[in-house]
Structures are given as structure tokens and as C-alpha cells.
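Enquirer: Structure file coords-v2.csv, CSV, C-alpha atoms, is pasted below:
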```csv
chain,number,residue,atom,x,y,z
A,1488,MET,CA,160.8,86.9,116.9
A,1489,LEU,CA,164.1,86.9,115.0
A,1490,PHE,CA,165.4,89.8,117.2
A,1491,ILE,CA,164.6,87.9,120.4
A,1492,LEU,CA,166.3,84.8,119.0
A,1493,LYS,CA,169.4,86.8,118.1
A,1494,LYS,CA,169.6,88.4,121.5
A,1495,THR,CA,169.1,85.1,123.3
A,1496,LEU,CA,171.6,83.1,121.4
A,1497,GLY,CA,174.1,85.9,121.4
A,1498,GLY,CA,173.7,86.2,125.2
A,1499,LEU,CA,174.3,82.4,125.7
A,1500,LEU,CA,177.5,82.6,123.5
A,1501,LEU,CA,179.1,85.4,125.5
A,1502,PRO,CA,182.2,84.4,127.5
A,1503,LEU,CA,180.8,83.8,131.0
A,1504,PRO,CA,177.7,81.8,130.0
A,1505,PHE,CA,179.7,79.9,127.3
A,1506,ILE,CA,182.4,79.0,129.8
A,1507,LEU,CA,179.9,78.0,132.5
A,1508,LEU,CA,178.2,75.7,129.9
A,1509,ILE,CA,181.5,74.0,129.2
A,1510,MET,CA,182.1,73.6,132.9
A,1511,ALA,CA,178.6,72.1,133.3
A,1512,ILE,CA,179.2,69.6,130.5
A,1513,ALA,CA,182.6,68.7,132.2
A,1514,LEU,CA,180.9,68.1,135.5
A,1515,VAL,CA,178.2,65.9,133.9
A,1516,LEU,CA,180.9,63.9,132.2
A,1517,LEU,CA,182.9,63.5,135.5
A,1518,TRP,CA,179.9,62.6,137.7
A,1519,MET,CA,177.5,60.7,135.4
A,1520,THR,CA,179.5,59.0,132.7
A,1521,ARG,CA,182.6,57.0,132.1
A,1522,TRP,CA,184.1,59.8,130.0
A,1523,GLN,CA,186.4,60.9,132.8
A,1524,LYS,CA,189.3,62.0,130.7
A,1525,THR,CA,187.1,64.1,128.4
A,1526,GLY,CA,185.4,65.7,131.4
A,1527,LYS,CA,188.8,66.6,132.9
A,1528,VAL,CA,189.9,68.1,129.6
A,1529,CYS,CA,186.7,70.2,129.2
A,1530,PHE,CA,187.0,71.5,132.8
A,1531,LEU,CA,190.7,72.4,132.4
A,1532,LEU,CA,190.1,74.2,129.1
A,1533,SER,CA,187.1,76.2,130.5
A,1534,TRP,CA,189.2,77.1,133.6
A,1535,LEU,CA,192.1,78.3,131.5
A,1536,LEU,CA,189.8,80.2,129.1
A,1537,LEU,CA,188.2,82.0,132.1
A,1538,LEU,CA,191.6,82.8,133.6
A,1539,LEU,CA,193.1,84.2,130.4
A,1540,LEU,CA,190.1,86.3,129.4
A,1541,SER,CA,190.1,87.8,132.9
A,1542,LEU,CA,193.7,89.0,132.6
A,1543,GLN,CA,194.4,92.6,131.5
A,1544,PRO,CA,197.2,91.9,129.1
A,1545,VAL,CA,195.1,89.3,127.2
A,1546,ALA,CA,191.8,91.1,127.3
A,1547,ASP,CA,193.1,94.5,126.3
A,1548,SER,CA,195.4,93.1,123.6
A,1549,LEU,CA,192.3,91.6,122.0
A,1550,LEU,CA,190.2,94.7,122.4
A,1551,ARG,CA,192.7,97.4,121.4
A,1552,PRO,CA,192.8,96.7,117.6
A,1553,ILE,CA,189.0,97.1,117.4
A,1554,GLU,CA,189.0,100.3,119.4
A,1555,SER,CA,191.9,101.8,117.5
A,1556,GLU,CA,190.2,101.7,114.0
A,1557,TYR,CA,189.0,105.2,114.3
A,1558,PRO,CA,190.6,108.2,116.1
A,1559,THR,CA,188.9,110.5,118.6
A,1560,TYR,CA,186.7,113.1,116.9
A,1561,GLN,CA,188.4,116.5,116.6
A,1562,ALA,CA,186.2,119.3,115.4
A,1563,GLN,CA,189.0,121.1,113.6
A,1564,ALA,CA,189.6,118.1,111.4
A,1565,HIS,CA,186.1,118.0,110.0
A,1566,PRO,CA,183.6,120.4,108.4
A,1567,PRO,CA,180.8,121.5,110.8
A,1568,VAL,CA,177.9,119.1,111.2
A,1569,LYS,CA,174.2,119.8,111.8
A,1570,PHE,CA,173.5,116.5,113.5
A,1571,VAL,CA,175.4,114.6,116.2
A,1572,VAL,CA,173.9,111.1,116.4
A,1573,VAL,CA,174.4,109.1,119.6
A,1574,LEU,CA,173.5,105.4,119.5
A,1575,GLY,CA,171.6,103.9,122.3
A,1576,GLY,CA,173.0,101.4,124.8
A,1577,GLY,CA,172.3,99.8,128.2
A,1578,TYR,CA,169.9,101.7,130.4
A,1579,THR,CA,167.3,101.5,133.1
A,1580,PHE,CA,164.8,104.1,134.4
A,1581,ASN,CA,164.3,105.1,138.0
A,1582,PRO,CA,163.0,108.7,138.4
A,1583,GLU,CA,164.3,108.8,141.9
A,1584,TRP,CA,167.9,108.4,140.8
A,1585,ALA,CA,170.3,111.0,139.5
A,1586,PRO,CA,169.6,111.1,135.7
A,1587,SER,CA,173.0,109.8,134.7
A,1588,SER,CA,172.6,106.8,136.9
A,1589,ASN,CA,170.0,105.4,134.5
A,1590,LEU,CA,172.6,105.0,131.8
A,1591,LEU,CA,174.4,101.7,132.2
A,1592,SER,CA,178.0,100.8,131.3
A,1593,ASN,CA,178.6,102.0,127.7
A,1594,SER,CA,175.8,104.5,127.5
A,1595,LEU,CA,176.9,107.4,129.7
A,1596,PRO,CA,180.3,107.9,127.9
A,1597,ARG,CA,178.5,107.9,124.6
A,1598,VAL,CA,176.2,110.7,125.8
A,1599,THR,CA,179.0,112.8,127.3
A,1600,GLU,CA,181.0,112.5,124.1
A,1601,GLY,CA,178.0,113.4,122.0
A,1602,ILE,CA,177.5,116.5,124.1
A,1603,ARG,CA,181.2,117.5,123.7
A,1604,ILE,CA,180.9,117.2,119.9
A,1605,TYR,CA,177.5,119.0,119.9
A,1606,ARG,CA,179.1,122.0,121.8
A,1607,ALA,CA,182.0,122.0,119.2
A,1608,ASN,CA,179.4,122.4,116.4
A,1609,PRO,CA,177.3,125.5,117.2
A,1610,GLY,CA,173.8,125.2,115.8
A,1611,ALA,CA,173.9,121.3,115.7
A,1612,ARG,CA,171.1,119.1,116.9
A,1613,LEU,CA,171.8,116.2,119.3
A,1614,VAL,CA,170.1,113.0,118.2
A,1615,PHE,CA,169.6,110.1,120.5
A,1616,THR,CA,168.5,106.7,119.2
A,1617,GLY,CA,167.2,103.5,120.9
A,1618,GLY,CA,163.8,102.0,121.6
A,1619,LYS,CA,162.2,100.6,124.7
A,1620,ALA,CA,163.5,97.5,126.4
A,1621,MET,CA,160.9,94.8,126.6
A,1622,THR,CA,160.0,95.5,130.2
A,1623,ASN,CA,160.7,99.2,130.4
A,1624,PRO,CA,158.1,101.8,129.6
A,1625,VAL,CA,160.7,104.5,128.8
A,1626,SER,CA,163.0,104.3,125.7
A,1627,SER,CA,166.8,104.4,125.7
A,1628,ALA,CA,166.7,107.5,123.6
A,1629,SER,CA,164.4,109.3,126.1
A,1630,VAL,CA,166.6,108.5,129.0
A,1631,ALA,CA,169.7,109.7,127.2
A,1632,GLY,CA,167.8,112.9,126.3
A,1633,LYS,CA,166.9,113.5,130.0
A,1634,VAL,CA,170.6,113.1,130.9
A,1635,ALA,CA,171.6,115.6,128.2
A,1636,GLU,CA,169.1,118.1,129.5
A,1637,SER,CA,170.4,117.7,133.0
A,1638,LEU,CA,173.9,118.5,131.7
A,1639,GLY,CA,172.7,121.8,130.1
A,1640,VAL,CA,171.6,120.9,126.6
A,1641,PRO,CA,168.4,122.7,125.6
A,1642,GLU,CA,165.4,120.5,125.0
A,1643,SER,CA,164.9,122.2,121.6
A,1644,ASP,CA,168.3,120.9,120.4
A,1645,ILE,CA,167.5,117.3,121.3
A,1646,LEU,CA,165.8,114.9,118.8
A,1647,LEU,CA,164.7,111.4,119.9
A,1648,LEU,CA,164.5,108.3,117.6
A,1649,ASP,CA,162.9,106.0,120.1
A,1650,LYS,CA,161.7,103.1,117.9
A,1651,PRO,CA,164.9,101.2,116.7
A,1652,LYS,CA,165.7,98.0,118.5
A,1653,ASP,CA,169.2,97.5,117.1
A,1654,THR,CA,172.0,99.2,115.1
A,1655,HIS,CA,170.5,98.3,111.7
A,1656,GLU,CA,167.2,99.9,112.6
A,1657,GLU,CA,169.0,102.9,114.0
A,1658,SER,CA,170.8,103.4,110.6
A,1659,GLU,CA,167.4,103.3,108.8
A,1660,GLN,CA,165.9,105.9,111.1
A,1661,VAL,CA,168.9,108.2,110.9
A,1662,LYS,CA,168.7,108.0,107.1
A,1663,ALA,CA,165.2,109.3,107.2
A,1664,LEU,CA,166.3,112.2,109.4
A,1665,VAL,CA,169.6,113.4,108.0
A,1666,GLY,CA,169.5,112.4,104.3
A,1667,GLN,CA,172.8,112.7,102.5
A,1668,GLN,CA,174.5,115.3,104.7
A,1669,PRO,CA,177.5,114.3,106.9
A,1670,PHE,CA,176.9,113.8,110.6
A,1671,ALA,CA,178.9,112.8,113.6
A,1672,LEU,CA,178.2,109.1,114.6
A,1673,VAL,CA,178.9,108.5,118.3
A,1674,THR,CA,179.1,105.1,119.8
A,1675,SER,CA,181.5,102.9,121.8
A,1676,ALA,CA,184.9,102.6,120.2
A,1677,ASN,CA,184.5,98.8,120.1
A,1678,HIS,CA,181.1,99.1,118.5
A,1679,LEU,CA,181.9,101.8,116.0
A,1680,PRO,CA,183.5,99.6,113.2
A,1681,ARG,CA,180.4,97.5,113.0
A,1682,ALA,CA,178.1,100.5,113.3
A,1683,MET,CA,179.9,102.2,110.4
A,1684,ILE,CA,179.1,99.3,108.1
A,1685,PHE,CA,175.4,99.6,108.9
A,1686,PHE,CA,175.3,103.3,108.3
A,1687,ARG,CA,177.4,103.2,105.1
A,1688,GLN,CA,175.2,100.5,103.8
A,1689,GLN,CA,172.3,103.0,103.9
A,1690,GLY,CA,174.3,105.3,101.7
A,1691,LEU,CA,175.0,107.7,104.6
A,1692,THR,CA,178.2,109.7,105.3
A,1693,PRO,CA,178.9,109.3,109.0
A,1694,ILE,CA,181.9,110.9,110.6
A,1695,PRO,CA,183.2,108.3,113.2
A,1696,ALA,CA,183.3,109.5,116.7
A,1697,PRO,CA,184.4,106.8,119.2
A,1698,ALA,CA,183.6,107.0,122.9
A,1699,ASN,CA,184.1,104.8,125.9
A,1700,GLN,CA,187.5,103.4,125.0
A,1701,LEU,CA,188.3,100.6,127.4
A,1702,ALA,CA,191.7,99.0,126.4
A,1703,ILE,CA,194.2,100.5,128.8
A,1704,ASN,CA,197.5,101.9,127.4
A,1705,SER,CA,198.9,103.6,130.5
A,1706,PRO,CA,201.3,101.7,132.9
A,1707,LEU,CA,199.6,99.5,135.4
A,1708,ASN,CA,200.8,98.1,138.8
A,1709,PRO,CA,202.2,94.6,138.3
A,1710,TRP,CA,199.4,92.9,140.4
A,1711,GLU,CA,196.8,94.6,138.1
A,1712,LYS,CA,198.3,92.7,135.2
A,1713,ALA,CA,198.8,89.4,137.0
A,1714,LEU,CA,195.4,89.0,138.9
A,1715,PRO,CA,192.3,88.0,137.0
A,1716,GLN,CA,189.5,90.5,137.4
A,1717,ALA,CA,185.8,90.7,136.3
A,1718,PHE,CA,186.6,94.2,135.0
A,1719,TYR,CA,188.9,92.8,132.3
A,1720,LEU,CA,186.6,89.8,131.6
A,1721,SER,CA,184.1,92.5,130.6
A,1722,HIS,CA,186.7,93.8,128.1
A,1723,SER,CA,187.0,90.3,126.6
A,1724,GLU,CA,183.2,90.1,126.5
A,1725,ARG,CA,183.1,93.2,124.2
A,1726,VAL,CA,185.6,91.6,121.8
A,1727,TRP,CA,183.5,88.4,121.8
A,1728,TYR,CA,180.2,90.3,121.4
A,1729,GLU,CA,181.5,92.5,118.5
A,1730,SER,CA,183.0,89.4,116.8
A,1731,LEU,CA,179.6,87.7,116.9
A,1732,GLY,CA,178.0,90.9,115.6
A,1733,ARG,CA,180.4,91.0,112.6
A,1734,LEU,CA,179.7,87.3,112.0
A,1735,TRP,CA,176.0,88.1,112.0
A,1736,GLN,CA,176.5,91.0,109.5
A,1737,TRP,CA,178.3,88.6,107.2
A,1738,PHE,CA,175.6,86.0,107.6
A,1739,THR,CA,172.8,88.5,106.8
A,1740,GLY,CA,174.7,90.1,103.9
A,1741,SER,CA,175.3,93.5,105.6
A,1742,GLN,CA,179.0,93.2,105.4
A,1743,SER,CA,179.1,92.5,101.6
A,1744,ALA,CA,176.5,95.2,100.9
A,1745,ALA,CA,178.7,97.7,102.6
A,1746,ASN,CA,181.9,96.9,100.8
```
Any chance you could give the structure as C-alpha cells?
Expert:
Amino acid sequence: MLFILKKTLGGLLLPLPFILLIMAIALVLLWMTRWQKTGKVCFLLSWLLLLLLSLQPVADSLLRPIESEYPTYQAQAHPPVKFVVVLGGGYTFNPEWAPSSNLLSNSLPRVTEGIRIYRANPGARLVFTGGKAMTNPVSSASVAGKVAESLGVPESDILLLDKPKDTHEESEQVKALVGQQPFALVTSANHLPRAMIFFRQQGLTPIPAPANQLAINSPLNPWEKALPQAFYLSHSERVWYESLGRLWQWFTGSQSAAN
């Protein structure tokens, strides 16, 4: 119940639903009350917020500090690991699709980076985490495993932890598997700082391995910086989501326990 409540409230507080809610309040004030000035201010603020969060310079300047906390994993900089843990993300399951098409948004880059690190550590096992979505009979871990097999990873080298519903539960399951030995922890670059807190809280020694970096550093055409785009709104959404996640960690005591 708490998990469903967390996901529902978190979803409503993401940029687009939150901004649309402010706009709805503004329209109610404008059409149905005498609070015309307040309605105009709410509508203007929500419009400006939507505009700014959809611009590349704003979105990526907010996202870049989170993604830059840990460098890309380089095998020569670390001792060999026996486990490469890839955290679950968005997915669906349609057996008629190409296997990789079932991994949505952040998930496919996590899996491909996990495979790269697995191949840089001969003898390692590739561990995929993530339980079933509420309406899906197949788990996130299972779908990721099928994609890895389709990309040449032997089934015998793949381990599935298909019960966890969130990062905290993933850290508990991984602890039972790897014990105290170091392992590579692969997840999206924007999610990694929060994930590291959960895993260190368990007394584990994860080696951070960011994937799916989104904040663009390379030069862009002027119109790409000047025009609002849904693509960059999604970057702002990641900042918003991870900030809410860190706030939840603090609220539940995970942050203080990890420090």
C-alpha cells in the first residue's frame, strides 16, 4: 500500500502533471471565481515553468551536476569483479517485438553498459534486478535477461533477482547474493547517486557505473537551444524525480543511515 501511495503521489508531482494541475487551478479561478488576478498569475507562472523546463540550456544545466557525480566505469581503474549488477527500469513485454524494444527509456542503456562491463571482467556474472509491474506477468529482470541473451551473453552467466519493487528492495536482494565483495553497480547516471546511498546503507561496496547519461555537452544548433522540446522536458523530469527520491530518502531515514 505504501509503495502504491509513493508511486501515485510521486507521479502527480512530476513536472507535467504538476504544471497541468496549476493550469487547471488557474482556469477555475478565471472562469468560476472573482480571483481573476490570482488566476492570471497562476497561469503565467505555470506557462513560464513549462517553457523553461522544456529548454535544453535549463534542463541540462539542472541535470548535469547529478549525472557528473560518478565517472564512467573503466575496468583498468578497478579490481576485477565477480558480479555486475544492473538495476531494473521501465519495460513492457511483447514476445513479437525485437527483444530490446521491450526495454523502455532508461533500461536499454543500463543493460548495454552492464554487458560492456561484464565483458571487461572475464568470469563475472551479470545480475538483473526488478520485479513485475502490476499488470505485467513478466518481470523487469526477466526481460533484461532476455535482451542480454539476444546480445550474446550465455544464460549460465545471467542471474535474475525478480522480486524487488524499488531500489531499496534491490539493495537488500543484492546483499543476500554478493555479501561483502565489491561489485559493479549499473544504473542511469541520474539515478546512481541515490542508488549508491541505498546500497552503502546495506554495508555493501558497490563500484559506481553510470549509464544513460542525458545532459548534452556537445555543441548544438542554435534552434535546438531556443525551441522548447518534450525531449528536454524529460531531462527536467529526471531532475525532479531524483530530487523527490532524495527527499523521500531523507524522510525515511535512509540518507542519515548511509552517512
Enquirer: Quick one: residues within 8 Å of region 1651-1653 of chain A, all atoms listed in the file counted, chain neighbours fewer than 3 positions away excluded, as a list in words?
Expert: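 Residues meeting the cut-off are Thr1616, Gly1617, Gly1618, Lys1619, Leu1648, Glu1656, Glu1657 and Gln1660 of chain A.
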Enquirer: Quick one: distance from CA of Ser1541 (chain A) to CA of Leu1503 (chain A) in Å, one decimal?
Expert: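 For CA of Ser1541 (chain A) relative to CA of Leu1503 (chain A), the distance reads 10.3 Å.
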Enquirer: Could you tell me how far CA of Leu1501 (chain A) sits from CA of Leu1514 (chain A), in Å to one decimal place?
Expert: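 Spanning CA of Leu1514 (chain A) to CA of Leu1501 (chain A) is a straight-line distance of 20.1 Å.
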Enquirer: Identify, on the basis of only C-alpha atoms, every residue whose closest approach to His1722 (chain A) does not exceed 10 Å; exclude the query and any residue fewer than 3 positions from it along the same chain; express the result as a PyMOL selection string.
Expert: chain A and resi 1540-1543+1545-1551+1677+1701-1702+1717-1719+1725-1728
Enquirer: What is the CA of Gly1690 (chain A)-CA of Thr1654 (chain A) distance in Å, reported with one decimal?
Expert: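 Those two atoms sit 14.9 Å apart.
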Enquirer: Using all atoms listed in the file, pick whichever of A:Gln1523, A:Val1673, A:Trp1735, A:Leu1538 has the shortest atom-to-atom distance to Pro1715 (chain A).
Expert: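 Answer, going by the shortest atom-to-atom distance: A:Leu1538.
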Enquirer: So, counting only C-alpha atoms, which residue among A:Asn1589, A:Gln1736, A:Gln1716, A:Thr1692 is closest to Leu1539 (chain A)?
Expert: A:Gln1716
Enquirer: Pick the closest to Ser1587 (chain A) from A:Pro1552, A:Gly1601, A:Gly1632, A:Pro1558: which is it, counting all atoms listed in the file?
Expert: A:Gly1632
Enquirer: Skipping near chain neighbours, those fewer than 4 positions away, what residues fall within 12 Å of Gly1526 (chain A) using only C-alpha atoms, listed as a list in words?
Expert: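 So, after excluding close chain neighbours, the residues are Ile1509, Met1510, Ala1511, Ile1512, Ala1513, Leu1514, Val1515, Leu1516, Leu1517, Trp1518, Met1519, Thr1520, Arg1521, Trp1522, Phe1530, Leu1531, Leu1532 and Ser1533 of chain A.
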Enquirer: Pick from A:Pro1502, A:Gly1732, A:Pro1624, A:Pro1669: nearest to Phe1570 (chain A), with all atoms listed in the file counted?
Expert: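 Result for the nearest residue to Phe1570 (chain A): A:Pro1669.
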Enquirer: If I only have part of region 1517-1528 of chain A, can you fill in all heavy atoms and write it as a PDB file, in the frame of the given file?
Expert:
```pdb
ATOM      1  N   LEU A1517     182.083  64.041 134.327  1.00  0.00           N
ATOM      2  CA  LEU A1517     182.900  63.500 135.500  1.00  0.00           C
ATOM      3  C   LEU A1517     181.983  62.736 136.439  1.00  0.00           C
ATOM      4  O   LEU A1517     182.406  61.724 136.999  1.00  0.00           O
ATOM      5  CB  LEU A1517     183.557  64.661 136.190  1.00  0.00           C
ATOM      6  CG  LEU A1517     184.743  65.300 135.462  1.00  0.00           C
ATOM      7  CD1 LEU A1517     185.195  66.560 136.179  1.00  0.00           C
ATOM      8  CD2 LEU A1517     185.908  64.313 135.344  1.00  0.00           C
ATOM      9  N   TRP A1518     180.772  63.193 136.675  1.00  0.00           N
ATOM     10  CA  TRP A1518     179.900  62.600 137.700  1.00  0.00           C
ATOM     11  C   TRP A1518     178.991  61.503 137.188  1.00  0.00           C
ATOM     12  O   TRP A1518     178.618  60.599 137.932  1.00  0.00           O
ATOM     13  CB  TRP A1518     179.058  63.678 138.356  1.00  0.00           C
ATOM     14  CG  TRP A1518     179.831  64.621 139.215  1.00  0.00           C
ATOM     15  CD1 TRP A1518     181.130  64.520 139.619  1.00  0.00           C
ATOM     16  CD2 TRP A1518     179.346  65.845 139.775  1.00  0.00           C
ATOM     17  NE1 TRP A1518     181.493  65.586 140.381  1.00  0.00           N
ATOM     18  CE2 TRP A1518     180.414  66.432 140.514  1.00  0.00           C
ATOM     19  CE3 TRP A1518     178.127  66.518 139.733  1.00  0.00           C
ATOM     20  CZ2 TRP A1518     180.291  67.633 141.195  1.00  0.00           C
ATOM     21  CZ3 TRP A1518     177.998  67.714 140.422  1.00  0.00           C
ATOM     22  CH2 TRP A1518     179.066  68.263 141.143  1.00  0.00           C
ATOM     23  N   MET A1519     178.619  61.567 135.916  1.00  0.00           N
ATOM     24  CA  MET A1519     177.500  60.700 135.400  1.00  0.00           C
ATOM     25  C   MET A1519     177.904  59.796 134.287  1.00  0.00           C
ATOM     26  O   MET A1519     177.046  59.055 133.808  1.00  0.00           O
ATOM     27  CB  MET A1519     176.327  61.589 135.044  1.00  0.00           C
ATOM     28  CG  MET A1519     175.836  62.496 136.166  1.00  0.00           C
ATOM     29  SD  MET A1519     174.467  63.574 135.663  1.00  0.00           S
ATOM     30  CE  MET A1519     173.188  62.366 135.356  1.00  0.00           C
ATOM     31  N   THR A1520     179.130  59.847 133.812  1.00  0.00           N
ATOM     32  CA  THR A1520     179.500  59.000 132.700  1.00  0.00           C
ATOM     33  C   THR A1520     180.895  58.397 132.950  1.00  0.00           C
ATOM     34  O   THR A1520     181.560  58.692 133.949  1.00  0.00           O
ATOM     35  CB  THR A1520     179.597  59.829 131.369  1.00  0.00           C
ATOM     36  OG1 THR A1520     180.762  60.660 131.397  1.00  0.00           O
ATOM     37  CG2 THR A1520     178.362  60.694 131.191  1.00  0.00           C
ATOM     38  N   ARG A1521     181.301  57.597 132.001  1.00  0.00           N
ATOM     39  CA  ARG A1521     182.600  57.000 132.100  1.00  0.00           C
ATOM     40  C   ARG A1521     183.675  57.861 131.347  1.00  0.00           C
ATOM     41  O   ARG A1521     184.848  57.501 131.305  1.00  0.00           O
ATOM     42  CB  ARG A1521     182.624  55.602 131.474  1.00  0.00           C
ATOM     43  CG  ARG A1521     181.705  54.626 132.223  1.00  0.00           C
ATOM     44  CD  ARG A1521     181.725  53.274 131.554  1.00  0.00           C
ATOM     45  NE  ARG A1521     180.845  52.332 132.234  1.00  0.00           N
ATOM     46  CZ  ARG A1521     180.658  51.068 131.835  1.00  0.00           C
ATOM     47  NH1 ARG A1521     181.276  50.626 130.733  1.00  0.00           N
ATOM     48  NH2 ARG A1521     179.844  50.276 132.514  1.00  0.00           N
ATOM     49  N   TRP A1522     183.231  58.971 130.779  1.00  0.00           N
ATOM     50  CA  TRP A1522     184.100  59.800 130.000  1.00  0.00           C
ATOM     51  C   TRP A1522     184.924  60.754 130.902  1.00  0.00           C
ATOM     52  O   TRP A1522     184.852  61.975 130.792  1.00  0.00           O
ATOM     53  CB  TRP A1522     183.331  60.610 128.961  1.00  0.00           C
ATOM     54  CG  TRP A1522     182.578  59.741 127.998  1.00  0.00           C
ATOM     55  CD1 TRP A1522     181.351  59.186 128.165  1.00  0.00           C
ATOM     56  CD2 TRP A1522     183.027  59.307 126.713  1.00  0.00           C
ATOM     57  NE1 TRP A1522     180.979  58.446 127.086  1.00  0.00           N
ATOM     58  CE2 TRP A1522     182.005  58.493 126.158  1.00  0.00           C
ATOM     59  CE3 TRP A1522     184.190  59.520 125.975  1.00  0.00           C
ATOM     60  CZ2 TRP A1522     182.110  57.909 124.917  1.00  0.00           C
ATOM     61  CZ3 TRP A1522     184.288  58.937 124.730  1.00  0.00           C
ATOM     62  CH2 TRP A1522     183.271  58.140 124.210  1.00  0.00           C
ATOM     63  N   GLN A1523     185.656  60.141 131.834  1.00  0.00           N
ATOM     64  CA  GLN A1523     186.400  60.900 132.800  1.00  0.00           C
ATOM     65  C   GLN A1523     187.467  61.809 132.201  1.00  0.00           C
ATOM     66  O   GLN A1523     187.617  62.979 132.570  1.00  0.00           O
ATOM     67  CB  GLN A1523     187.010  60.000 133.863  1.00  0.00           C
ATOM     68  CG  GLN A1523     186.015  59.157 134.631  1.00  0.00           C
ATOM     69  CD  GLN A1523     185.134  60.008 135.522  1.00  0.00           C
ATOM     70  OE1 GLN A1523     185.620  60.706 136.405  1.00  0.00           O
ATOM     71  NE2 GLN A1523     183.826  59.961 135.283  1.00  0.00           N
ATOM     72  N   LYS A1524     188.206  61.267 131.276  1.00  0.00           N
ATOM     73  CA  LYS A1524     189.300  62.000 130.700  1.00  0.00           C
ATOM     74  C   LYS A1524     188.747  63.221 129.882  1.00  0.00           C
ATOM     75  O   LYS A1524     189.277  64.344 129.968  1.00  0.00           O
ATOM     76  CB  LYS A1524     190.123  61.142 129.747  1.00  0.00           C
ATOM     77  CG  LYS A1524     191.357  61.824 129.184  1.00  0.00           C
ATOM     78  CD  LYS A1524     192.208  60.854 128.381  1.00  0.00           C
ATOM     79  CE  LYS A1524     193.451  61.534 127.826  1.00  0.00           C
ATOM     80  NZ  LYS A1524     194.292  60.587 127.045  1.00  0.00           N
ATOM     81  N   THR A1525     187.674  63.001 129.125  1.00  0.00           N
ATOM     82  CA  THR A1525     187.100  64.100 128.400  1.00  0.00           C
ATOM     83  C   THR A1525     186.527  65.178 129.303  1.00  0.00           C
ATOM     84  O   THR A1525     186.679  66.377 129.044  1.00  0.00           O
ATOM     85  CB  THR A1525     185.911  63.563 127.494  1.00  0.00           C
ATOM     86  OG1 THR A1525     186.414  62.550 126.622  1.00  0.00           O
ATOM     87  CG2 THR A1525     185.295  64.679 126.668  1.00  0.00           C
ATOM     88  N   GLY A1526     185.917  64.751 130.410  1.00  0.00           N
ATOM     89  CA  GLY A1526     185.400  65.700 131.400  1.00  0.00           C
ATOM     90  C   GLY A1526     186.540  66.534 131.989  1.00  0.00           C
ATOM     91  O   GLY A1526     186.393  67.753 132.166  1.00  0.00           O
ATOM     92  N   LYS A1527     187.652  65.909 132.297  1.00  0.00           N
ATOM     93  CA  LYS A1527     188.800  66.600 132.900  1.00  0.00           C
ATOM     94  C   LYS A1527     189.349  67.645 131.857  1.00  0.00           C
ATOM     95  O   LYS A1527     189.700  68.772 132.216  1.00  0.00           O
ATOM     96  CB  LYS A1527     189.875  65.663 133.293  1.00  0.00           C
ATOM     97  CG  LYS A1527     189.495  64.803 134.493  1.00  0.00           C
ATOM     98  CD  LYS A1527     190.582  63.787 134.806  1.00  0.00           C
ATOM     99  CE  LYS A1527     190.183  62.902 135.982  1.00  0.00           C
ATOM    100  NZ  LYS A1527     191.204  61.873 136.276  1.00  0.00           N
ATOM    101  N   VAL A1528     189.430  67.235 130.601  1.00  0.00           N
ATOM    102  CA  VAL A1528     189.900  68.100 129.600  1.00  0.00           C
ATOM    103  C   VAL A1528     189.007  69.337 129.395  1.00  0.00           C
ATOM    104  O   VAL A1528     189.464  70.484 129.315  1.00  0.00           O
ATOM    105  CB  VAL A1528     190.103  67.380 128.229  1.00  0.00           C
ATOM    106  CG1 VAL A1528     190.393  68.361 127.093  1.00  0.00           C
ATOM    107  CG2 VAL A1528     191.229  66.361 128.338  1.00  0.00           C
TER     108      VAL A1528
END
```
